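The next block is upload.csv, given as CSV, C-alpha atoms.
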chain,number,residue,atom,x,y,z
E,16,MET,CA,36.1,-2.1,9.7
E,17,SER,CA,38.0,-4.5,11.9
E,18,GLU,CA,37.4,-8.2,11.5
E,19,ASP,CA,37.7,-8.6,15.3
E,20,ARG,CA,35.1,-6.0,16.2
E,21,LEU,CA,32.0,-7.2,18.1
E,22,ILE,CA,28.6,-6.3,16.7
E,23,THR,CA,25.2,-6.6,18.3
E,24,VAL,CA,23.2,-9.0,16.2
E,25,ALA,CA,20.0,-8.6,18.2
E,26,ILE,CA,18.5,-7.7,21.6
E,27,TYR,CA,16.4,-10.3,23.5
E,28,THR,CA,15.2,-11.4,26.8
E,29,TYR,CA,17.8,-13.4,28.8
E,30,GLU,CA,16.1,-16.8,28.0
E,31,LYS,CA,16.0,-16.1,24.3
E,32,ALA,CA,19.5,-14.8,24.3
E,33,GLN,CA,20.8,-18.0,25.8
E,34,ILE,CA,19.0,-20.1,23.2
E,35,ILE,CA,20.5,-18.0,20.4
E,36,LYS,CA,23.9,-18.2,22.0
E,37,GLY,CA,23.7,-22.0,22.1
E,38,ILE,CA,22.5,-22.3,18.4
E,39,LEU,CA,25.4,-20.1,17.2
E,40,GLU,CA,28.1,-21.7,19.3
E,41,ASN,CA,27.0,-25.2,18.1
E,42,GLU,CA,27.9,-23.9,14.6
E,43,GLY,CA,31.3,-22.7,15.7
E,44,ILE,CA,30.5,-19.0,16.0
E,45,THR,CA,31.8,-17.2,19.1
E,46,VAL,CA,29.0,-15.3,21.0
E,47,ALA,CA,29.1,-12.9,23.9
E,48,ILE,CA,26.0,-11.7,25.8
E,49,GLN,CA,25.9,-8.4,27.6
E,50,ASN,CA,23.6,-6.3,29.8
E,51,VAL,CA,22.7,-9.2,32.0
E,52,ASN,CA,21.5,-8.7,35.6
E,53,LEU,CA,24.2,-10.6,37.5
E,54,ILE,CA,22.1,-11.1,40.6
E,55,GLN,CA,18.9,-12.3,38.9
E,56,PRO,CA,19.8,-13.2,35.2
E,57,VAL,CA,16.4,-14.6,34.4
E,58,ILE,CA,14.7,-11.2,34.8
E,59,SER,CA,17.2,-9.5,32.5
E,60,SER,CA,15.6,-7.7,29.5
E,61,GLY,CA,17.4,-6.0,26.6
E,62,VAL,CA,20.2,-8.6,26.7
E,63,ARG,CA,22.6,-8.0,23.8
E,64,VAL,CA,23.8,-10.9,21.7
E,65,ARG,CA,27.1,-10.0,20.2
E,66,ILE,CA,29.2,-11.7,17.6
E,67,HIS,CA,32.3,-10.9,15.5
E,68,GLU,CA,31.5,-8.6,12.6
E,69,SER,CA,32.9,-11.1,10.0
E,70,ASP,CA,30.4,-13.8,11.3
E,71,LEU,CA,27.3,-11.7,10.7
E,72,PRO,CA,26.0,-12.9,7.3
E,73,ARG,CA,26.5,-16.6,8.3
E,74,ALA,CA,25.0,-16.1,11.7
E,75,LEU,CA,21.9,-14.5,10.2
E,76,GLN,CA,21.5,-17.4,7.8
E,77,ILE,CA,21.8,-20.0,10.6
E,78,LEU,CA,19.3,-18.2,12.8
E,79,GLU,CA,16.8,-17.5,10.1
E,80,SER,CA,16.5,-21.3,9.5
E,81,THR,CA,15.4,-21.8,13.1
E,82,PRO,CA,11.7,-21.6,14.2
E,83,LEU,CA,12.5,-19.1,17.0
E,84,PHE,CA,14.5,-16.7,14.8
E,85,ASP,CA,12.0,-17.1,11.9
E,86,GLU,CA,9.4,-15.7,14.2
E,87,LEU,CA,11.5,-12.8,15.6
E,88,ILE,CA,12.8,-11.3,12.3
E,89,GLN,CA,9.5,-10.3,10.7
E,90,ARG,CA,9.4,-13.2,8.3
E,91,LYS,CA,6.4,-15.4,7.8
E,92,SER,CA,5.7,-18.1,10.4
E,93,GLU,CA,5.1,-21.7,9.5
E,94,ASN,CA,1.4,-21.2,9.1
E,95,ARG,CA,1.4,-17.6,7.8
E,96,GLU,CA,2.1,-16.4,4.3
E,97,ALA,CA,4.7,-13.6,3.9
E,98,GLN,CA,2.9,-10.2,3.7
E,99,ILE,CA,3.5,-6.8,2.1
E,100,LEU,CA,1.4,-4.2,4.0
E,101,VAL,CA,-0.1,-1.4,2.0
E,102,PRO,CA,-2.1,1.3,3.9
E,103,VAL,CA,-4.6,2.9,1.5
E,104,ASP,CA,-6.8,6.0,1.7
E,105,PHE,CA,-7.9,5.6,-2.0
E,106,SER,CA,-5.9,8.7,-3.0
E,107,ASP,CA,-3.9,8.7,-6.2
E,108,TYR,CA,-0.6,8.3,-4.4
E,109,SER,CA,-1.8,5.4,-2.3
E,110,ILE,CA,-3.1,3.7,-5.5
E,111,LYS,CA,0.4,4.2,-7.0
E,112,ALA,CA,1.9,2.6,-3.9
E,113,CYS,CA,-0.4,-0.4,-4.5
E,114,ARG,CA,1.0,-0.9,-8.0
E,115,THR,CA,4.5,-0.9,-6.7
E,116,ALA,CA,3.6,-3.3,-3.9
E,117,TYR,CA,2.2,-5.7,-6.4
E,118,THR,CA,5.5,-5.9,-8.3
E,119,ILE,CA,7.4,-6.5,-5.0
E,120,ALA,CA,4.9,-9.2,-3.9
E,121,GLY,CA,5.2,-10.9,-7.2
E,122,ALA,CA,9.0,-11.0,-6.9
E,123,LEU,CA,8.9,-12.2,-3.2
E,124,GLN,CA,5.9,-14.5,-3.7
E,125,ALA,CA,4.1,-12.6,-0.9
E,126,LYS,CA,0.6,-11.7,-0.2
E,127,ILE,CA,-0.7,-8.1,-0.4
E,128,VAL,CA,-2.6,-6.8,2.6
E,129,LEU,CA,-4.6,-3.6,1.9
E,130,LEU,CA,-5.2,-1.7,5.2
E,131,HIS,CA,-7.8,1.1,5.4
E,132,THR,CA,-8.4,3.0,8.6
E,133,TYR,CA,-11.2,5.4,9.4
E,134,LEU,CA,-11.9,7.3,12.6
E,135,ILE,CA,-15.5,7.2,14.0
E,136,PRO,CA,-15.9,9.9,16.7
E,137,ASP,CA,-17.2,8.7,20.0
E,138,VAL,CA,-20.4,10.4,21.0
E,139,ASN,CA,-18.8,11.4,24.3
E,140,THR,CA,-16.2,13.4,22.5
E,141,LEU,CA,-18.6,15.3,20.2
E,142,SER,CA,-19.5,18.9,20.8
E,143,ALA,CA,-23.0,19.9,21.8
E,144,VAL,CA,-23.7,21.3,18.3
E,145,SER,CA,-22.6,18.0,16.7
E,146,ILE,CA,-24.7,15.9,19.1
E,147,PHE,CA,-27.7,18.2,18.4
E,148,SER,CA,-27.1,17.7,14.6
E,149,LEU,CA,-27.1,14.0,15.0
E,150,GLU,CA,-30.3,14.0,17.0
E,151,ALA,CA,-32.0,16.3,14.6
E,152,SER,CA,-31.2,14.1,11.7
E,153,GLY,CA,-32.2,11.0,13.6
E,154,GLU,CA,-28.7,9.5,12.9
E,155,SER,CA,-27.0,7.5,15.7
E,156,ASN,CA,-23.3,6.9,16.2
E,157,THR,CA,-24.0,3.3,15.0
E,158,ASP,CA,-25.6,4.7,11.8
E,159,MET,CA,-22.5,6.8,11.3
E,160,TYR,CA,-20.2,3.8,11.7
E,161,LYS,CA,-22.2,1.8,9.2
E,162,GLU,CA,-22.1,4.6,6.7
E,163,VAL,CA,-18.4,5.2,6.9
E,164,HIS,CA,-17.7,1.4,6.9
E,165,ASN,CA,-19.9,0.8,3.9
E,166,LYS,CA,-18.2,3.7,2.0
E,167,ALA,CA,-14.8,2.1,2.8
E,168,GLU,CA,-16.0,-1.3,1.5
E,169,THR,CA,-17.2,0.3,-1.7
E,170,ASP,CA,-14.0,2.2,-2.3
E,171,MET,CA,-12.0,-1.0,-1.6
E,172,ARG,CA,-14.0,-3.0,-4.0
E,173,GLU,CA,-13.4,-0.4,-6.7
E,174,LEU,CA,-9.7,-0.3,-6.0
E,175,ILE,CA,-9.3,-4.1,-6.2
E,176,ALA,CA,-11.4,-4.1,-9.4
E,177,SER,CA,-9.1,-1.5,-10.9
E,178,LEU,CA,-6.0,-3.4,-9.9
E,179,ASN,CA,-7.4,-6.7,-11.2
E,180,ARG,CA,-7.9,-5.0,-14.6
E,181,GLU,CA,-4.2,-4.2,-14.7
E,182,VAL,CA,-3.4,-7.8,-13.7
E,183,LYS,CA,-5.5,-9.1,-16.6
E,184,LYS,CA,-3.7,-6.7,-19.0
E,185,GLY,CA,-0.3,-8.1,-17.8
E,186,ARG,CA,0.8,-4.8,-16.2
E,187,LEU,CA,0.8,-6.2,-12.7
E,188,PRO,CA,1.6,-9.7,-11.4
E,189,ASN,CA,-1.2,-11.9,-10.1
E,190,VAL,CA,-0.8,-12.0,-6.4
E,191,SER,CA,-3.0,-12.9,-3.4
E,192,VAL,CA,-4.8,-9.9,-1.8
E,193,GLU,CA,-6.4,-9.5,1.6
E,194,THR,CA,-8.3,-6.5,2.8
E,195,VAL,CA,-8.4,-5.2,6.4
E,196,TRP,CA,-10.4,-2.3,7.9
E,197,LYS,CA,-9.6,-0.6,11.2
E,198,ASP,CA,-11.3,2.1,13.2
E,199,GLY,CA,-8.7,4.4,14.6
E,200,ILE,CA,-5.9,6.8,14.0
E,201,PRO,CA,-4.0,5.6,10.8
E,202,GLU,CA,-0.4,5.7,12.1
E,203,ASP,CA,-1.5,3.9,15.3
E,204,GLU,CA,-3.4,1.2,13.5
E,205,ILE,CA,-0.6,0.6,11.0
E,206,TYR,CA,1.9,0.3,13.8
E,207,ARG,CA,-0.4,-2.2,15.7
E,208,TYR,CA,-1.0,-4.3,12.6
E,209,ALA,CA,2.7,-4.4,11.7
E,210,LYS,CA,3.6,-5.4,15.2
E,211,ALA,CA,1.1,-8.2,15.4
E,212,ASN,CA,1.6,-9.6,11.9
E,213,ASN,CA,5.3,-8.9,11.0
E,214,PRO,CA,5.0,-8.0,7.3
E,215,LEU,CA,8.2,-8.1,5.3
E,216,LEU,CA,7.6,-4.6,4.1
E,217,ILE,CA,5.2,-1.6,4.4
E,218,VAL,CA,4.6,0.3,1.1
E,219,MET,CA,3.1,3.8,1.4
E,220,GLY,CA,2.4,6.7,-0.8
E,221,THR,CA,3.6,10.2,0.0
E,222,ARG,CA,3.1,13.7,-1.3
E,223,GLY,CA,6.8,14.0,-2.0
E,224,ALA,CA,8.8,17.2,-2.6
E,225,GLY,CA,7.3,20.7,-2.6
E,226,HIS,CA,5.3,20.5,0.6
E,227,LYS,CA,6.0,22.6,3.6
E,228,GLU,CA,8.4,21.2,6.3
E,229,LEU,CA,5.6,21.8,8.8
E,230,ASP,CA,3.6,19.0,7.1
E,231,LEU,CA,6.3,16.6,8.2
E,232,ILE,CA,5.0,16.5,11.8
E,233,GLY,CA,1.5,15.4,10.8
E,234,SER,CA,2.4,13.0,8.0
E,235,VAL,CA,1.2,9.4,8.5
E,236,THR,CA,4.1,8.0,6.4
E,237,ALA,CA,6.6,10.0,8.4
E,238,GLU,CA,5.1,8.8,11.7
E,239,VAL,CA,5.1,5.1,10.5
E,240,ILE,CA,8.8,5.5,9.4
E,241,GLU,CA,9.7,6.8,12.9
E,242,SER,CA,7.8,4.1,14.9
E,243,SER,CA,7.8,1.0,12.8
E,244,GLY,CA,10.1,-2.0,13.3
E,245,VAL,CA,9.5,-3.0,9.7
E,246,PRO,CA,11.1,-1.6,6.5
E,247,VAL,CA,9.0,1.1,5.0
E,248,LEU,CA,9.0,2.0,1.2
E,249,ALA,CA,7.7,5.5,0.5
E,250,ILE,CA,6.5,6.2,-3.0
E,251,PRO,CA,6.1,9.9,-3.9
E,252,GLU,CA,3.0,10.9,-5.8
E,253,ASP,CA,4.7,13.0,-8.5
E,254,ILE,CA,6.8,10.2,-10.1
E,255,PRO,CA,5.8,7.7,-12.8
E,256,PHE,CA,4.6,4.2,-11.8
E,257,VAL,CA,7.5,2.4,-10.0
E,258,SER,CA,8.0,-1.2,-10.9
E,259,MET,CA,10.7,-2.7,-8.8
E,260,ASP,CA,12.2,-4.7,-11.6
E,261,LYS,CA,12.9,-1.3,-13.3
E,262,VAL,CA,15.1,-0.2,-10.5
E,263,LYS,CA,18.7,-0.2,-11.7
E,264,SER,CA,20.6,1.9,-9.2
E,265,VAL,CA,20.2,2.3,-5.5
E,266,ALA,CA,21.9,4.7,-3.0
E,267,PHE,CA,22.2,3.3,0.5
E,268,PHE,CA,23.3,6.0,3.0
E,269,THR,CA,25.5,4.9,5.9
E,270,ASN,CA,27.2,6.4,8.9
E,271,PHE,CA,29.5,3.4,9.4
E,272,ASP,CA,27.6,2.5,12.5
E,273,GLN,CA,27.8,-1.2,13.4
E,274,GLN,CA,24.0,-1.3,13.4
E,275,ASP,CA,24.1,-0.2,9.8
E,276,LEU,CA,25.5,-3.7,8.9
E,277,LEU,CA,22.2,-5.3,10.1
E,278,ALA,CA,20.2,-2.8,7.9
E,279,ILE,CA,22.5,-3.5,5.0
E,280,ASP,CA,21.9,-7.3,5.4
E,281,THR,CA,18.2,-6.8,5.6
E,282,PHE,CA,18.3,-4.7,2.4
E,283,MET,CA,20.5,-7.1,0.5
E,284,ARG,CA,18.2,-10.0,1.3
E,285,LEU,CA,14.9,-8.2,0.9
E,286,PHE,CA,14.9,-8.2,-2.9
E,287,PRO,CA,16.8,-11.5,-3.8
E,288,ALA,CA,15.1,-11.8,-7.2
E,289,LEU,CA,16.0,-8.3,-8.4
E,290,HIS,CA,19.3,-7.0,-9.7
E,291,PHE,CA,20.6,-3.5,-9.3
E,292,LYS,CA,23.8,-1.6,-8.5
E,293,VAL,CA,24.0,-0.4,-4.9
E,294,HIS,CA,26.0,2.7,-4.1
E,295,PHE,CA,26.9,2.8,-0.4
E,296,VAL,CA,27.2,6.5,0.4
E,297,HIS,CA,28.6,8.4,3.4
E,298,ILE,CA,28.1,12.2,3.6
E,299,GLN,CA,30.8,14.0,5.6
E,300,SER,CA,30.7,17.6,6.7
E,301,ARG,CA,34.5,17.9,6.7
E,302,LYS,CA,37.4,16.1,5.3
E,303,ASP,CA,38.3,13.1,7.5
E,304,GLN,CA,40.9,10.6,6.4
E,305,TRP,CA,39.5,8.1,8.9
E,306,ASN,CA,36.3,8.0,6.8
E,307,ASP,CA,38.4,6.9,3.8
E,308,VAL,CA,39.7,4.0,5.9
E,309,LYS,CA,36.2,3.0,7.1
E,310,LEU,CA,34.9,3.3,3.6
E,311,SER,CA,37.6,1.0,2.3
E,312,GLY,CA,36.8,-1.5,5.1
E,313,LEU,CA,33.1,-1.4,4.2
E,314,MET,CA,33.9,-2.1,0.6
E,315,SER,CA,36.1,-5.1,1.6
E,316,TYR,CA,33.3,-6.4,3.9
E,317,LEU,CA,30.6,-6.1,1.1
E,318,LYS,CA,32.8,-7.8,-1.5
E,319,LYS,CA,33.5,-10.7,0.9
E,320,HIS,CA,30.0,-11.3,2.2
E,321,TYR,CA,27.8,-10.3,-0.8
E,322,GLU,CA,29.8,-11.8,-3.7
E,323,GLY,CA,28.1,-11.4,-7.0
E,324,HIS,CA,26.4,-8.1,-6.1
E,325,ASP,CA,27.3,-4.9,-8.0
E,326,VAL,CA,28.3,-2.5,-5.2
E,327,ALA,CA,30.2,0.7,-5.0
E,328,CYS,CA,31.2,3.0,-2.0
E,329,SER,CA,31.4,6.8,-2.1
E,330,LEU,CA,32.2,9.7,0.1
E,331,VAL,CA,30.1,12.8,-0.5
E,332,GLN,CA,31.4,16.1,0.8
E,333,GLN,CA,28.7,18.3,2.3
E,334,GLU,CA,29.3,21.8,1.0
E,335,GLU,CA,26.0,23.5,1.8
E,336,LYS,CA,22.6,22.0,2.7
E,337,LEU,CA,22.6,18.2,3.4
E,338,LEU,CA,19.4,17.5,1.5
E,339,ASP,CA,20.6,19.4,-1.6
E,340,GLU,CA,23.8,17.3,-1.5
E,341,VAL,CA,21.7,14.1,-1.5
E,342,GLN,CA,19.6,15.4,-4.4
E,343,ALA,CA,22.8,16.2,-6.4
E,344,PHE,CA,24.1,12.7,-5.8
E,345,VAL,CA,20.7,11.2,-6.9
E,346,HIS,CA,20.8,13.2,-10.1
E,347,ASN,CA,24.5,12.6,-11.0
E,348,GLU,CA,24.4,8.9,-10.4
E,349,HIS,CA,20.9,8.3,-11.9
E,350,ILE,CA,19.6,6.8,-8.6
E,351,ASP,CA,16.2,5.1,-8.8
E,352,LEU,CA,15.8,4.3,-5.1
E,353,LEU,CA,17.1,5.8,-1.9
E,354,ALA,CA,17.7,3.5,1.1
E,355,MET,CA,18.8,4.4,4.6
E,356,PRO,CA,18.7,3.0,8.2
E,357,THR,CA,16.8,4.8,10.9
E,358,ARG,CA,16.6,4.6,14.6
E,359,ARG,CA,13.4,5.0,16.7
E,360,ARG,CA,13.5,8.1,18.9
E,361,ASN,CA,11.2,9.7,21.4
E,362,VAL,CA,8.5,12.2,20.3
E,363,PHE,CA,10.4,15.3,21.4
E,364,ALA,CA,13.4,14.3,19.3
E,365,ARG,CA,11.2,13.7,16.3
E,366,LEU,CA,9.4,17.0,16.6
E,367,PHE,CA,12.4,19.2,17.1
E,368,ASN,CA,15.2,17.4,15.3
E,369,PRO,CA,13.7,15.1,12.6
E,370,GLY,CA,16.0,12.5,11.2
E,371,LEU,CA,17.3,12.5,7.6
E,372,ALA,CA,14.8,9.8,6.5
E,373,HIS,CA,12.0,11.7,8.1
E,374,LYS,CA,13.0,14.9,6.1
E,375,MET,CA,13.7,13.1,2.9
E,376,ILE,CA,10.1,12.1,2.2
E,377,PHE,CA,9.2,15.8,1.9
E,378,HIS,CA,12.3,16.8,-0.1
E,379,THR,CA,12.6,14.2,-2.8
E,380,ASP,CA,10.7,12.7,-5.6
E,381,THR,CA,12.7,9.5,-5.5
E,382,PRO,CA,11.3,6.4,-3.8
E,383,LEU,CA,12.7,6.0,-0.3
E,384,LEU,CA,13.3,2.7,1.6
E,385,VAL,CA,13.8,3.2,5.3
E,386,ILE,CA,15.1,0.2,7.3
E,387,PRO,CA,15.0,0.2,11.1
E,388,THR,CA,18.2,-0.9,12.8
E,389,GLY,CA,18.5,-3.4,15.5
E,390,ARG,CA,15.9,-6.0,16.6
E,391,ASN,CA,14.4,-5.0,20.0
E,392,ILE,CA,12.2,-8.0,21.0

Can I see the file as structure tokens?
Amino acid sequence: MSEDRLITVAIYTYEKAQIIKGILENEGITVAIQNVNLIQPVISSGVRVRIHESDLPRALQILESTPLFDELIQRKSENREAQILVPVDFSDYSIKACRTAYTIAGALQAKIVLLHTYLIPDVNTLSAVSIFSLEASGESNTDMYKEVHNKAETDMRELIASLNREVKKGRLPNVSVETVWKDGIPEDEIYRYAKANNPLLIVMGTRGAGHKELDLIGSVTAEVIESSGVPVLAIPEDIPFVSMDKVKSVAFFTNFDQQDLLAIDTFMRLFPALHFKVHFVHIQSRKDQWNDVKLSGLMSYLKKHYEGHDVACSLVQQEEKLLDEVQAFVHNEHIDLLAMPTRRRNVFARLFNPGLAHKMIFHTDTPLLVIPTGRNI
């Protein structure tokens, strides 16, 4: 990694890009902006703010302290407490996700938001048989809504009571909890809530390894990972309770892309109160000496900018199936948590060529943290 290389720190409207440029230049950081409409600059969208790679950690610290950037990077605003969003359907694996989220919220001094969604069919979309059944029973669409909503409230009260018992026994930290109900498709409502409220993290349960690859297309967690602009932590159902302070070894997979540096910075600052070793891993399909050079550059970058953190860099040679190589690395290095960046893609790309993060939630029983790259405001 060259110290002189430019990296895109964020993507803004022209007006916001100019503000950020001024803030950074006042602190002695050189900034270039690209993708500007030269004829009418003020209507430009998707303007790239670029800085030298070596300035990235300092630039993020400067911008994070400003009200504008604080609002843009999914942190709490001046009047809003930091949030950990936990979508729940009251299944065993979503309850396990709640327990893990409590330990993270305790470390980050954040609030837990339990989000439950339910879909009430509109009478106009029901079949003639369904409408006849409703009329015969004397039940209206409003009655159905009340019944489903009341059931959700009851289940939520029981869930919170169960978690409170664990808090009283000292198994979970005592954190603030808010409950939210939404009528709609789960992945859509999770996306809307996250976009409107900018939680620090979304924690979700998954079914883990052993399920058919076809299930991947319809998984709520997989869809949230693909669409969310917020880091998502997926907790498989078949593993013991995951307390984040018990995580000792993390594998972070990188392709040496410059956007990975933003994901790495997000990861390194997401859990400041926790201490673990981070293995930065690149999987290569063939021997490439240039990868050795890039890996050495990444190691130098990490040591310089994240002094005091226990980090290591590794190249893994892909001999057969990629996912099997990942699992072998997890086993050999005693990895407690997987982390990787992801990029949002269109629906056809997701259906016919799912990304590694998308596949991993169905292939591993190791918790998976997926971090979106870039900030497209």

Residue nearest His131 (chain E) among E:Ile35, E:Val308, E:Ala167, E:Val247 (counting only C-alpha atoms):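 When distances to His131 (chain E) are compared using only C-alpha atoms, the smallest one comes from E:Ala167.
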
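The coordinates place CA of Pro382 (chain E) at 18.8 Å from CA of His297 (chain E).
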
Between E:Glu40, E:Glu162, E:Glu204, E:Glu68, single out the one closest to Gln274 (chain E), counting all atoms listed in the file.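 When distances to Gln274 (chain E) are compared using all atoms listed in the file, the smallest one comes from E:Glu68.
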
Extract, using only C-alpha atoms, all DNA, RNA and protein residues at most 12 Å from region 176-184 of chain E, discarding same-chain residues fewer than 2 positions from it, and format them as a list in words.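 With the cut-off at 12 Å, the set is Phe105, Ile110, Lys111, Ala112, Cys113, Arg114, Thr115, Ala116, Tyr117, Thr118, Gly121, Ile127, Leu129, Thr169, Asp170, Met171, Arg172, Glu173, Leu174, Arg186, Leu187, Pro188, Asn189, Val190, Ser191 and Val192 of chain E.
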
Between CA of Leu75 (chain E) and CA of Val385 (chain E), what is the distance, to one decimal in Å? 20.1 Å

At what distance in Å, to one decimal, does CA of Pro72 (chain E) lie from CA of Lys261 (chain E)?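 Separating CA of Lys261 (chain E) from CA of Pro72 (chain E) is a distance of 27.0 Å.
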
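Each of E:Thr388, E:Asn213, E:Thr269, E:Thr221 was checked against Leu330 (chain E) using all atoms listed in the file; the smallest atom-to-atom distance is that of E:Thr269.
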
Name all residues at most 9 Å from Val195 (chain E) (count all atoms listed in the file; drop same-chain ones fewer than 2 positions away) and give them as a compact mmCIF listing (two decimals) with C-alpha atoms, in the frame of the given file.
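Produced file around.txt, reproduced below:
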# COMPACT_ATOMS: atom_id res chain seq x y z
CA VAL E 128 -2.60 -6.80 2.60
CA LEU E 129 -4.60 -3.60 1.90
CA LEU E 130 -5.20 -1.70 5.20
CA HIS E 131 -7.80 1.10 5.40
CA THR E 132 -8.40 3.00 8.60
CA GLU E 193 -6.40 -9.50 1.60
CA LYS E 197 -9.60 -0.60 11.20
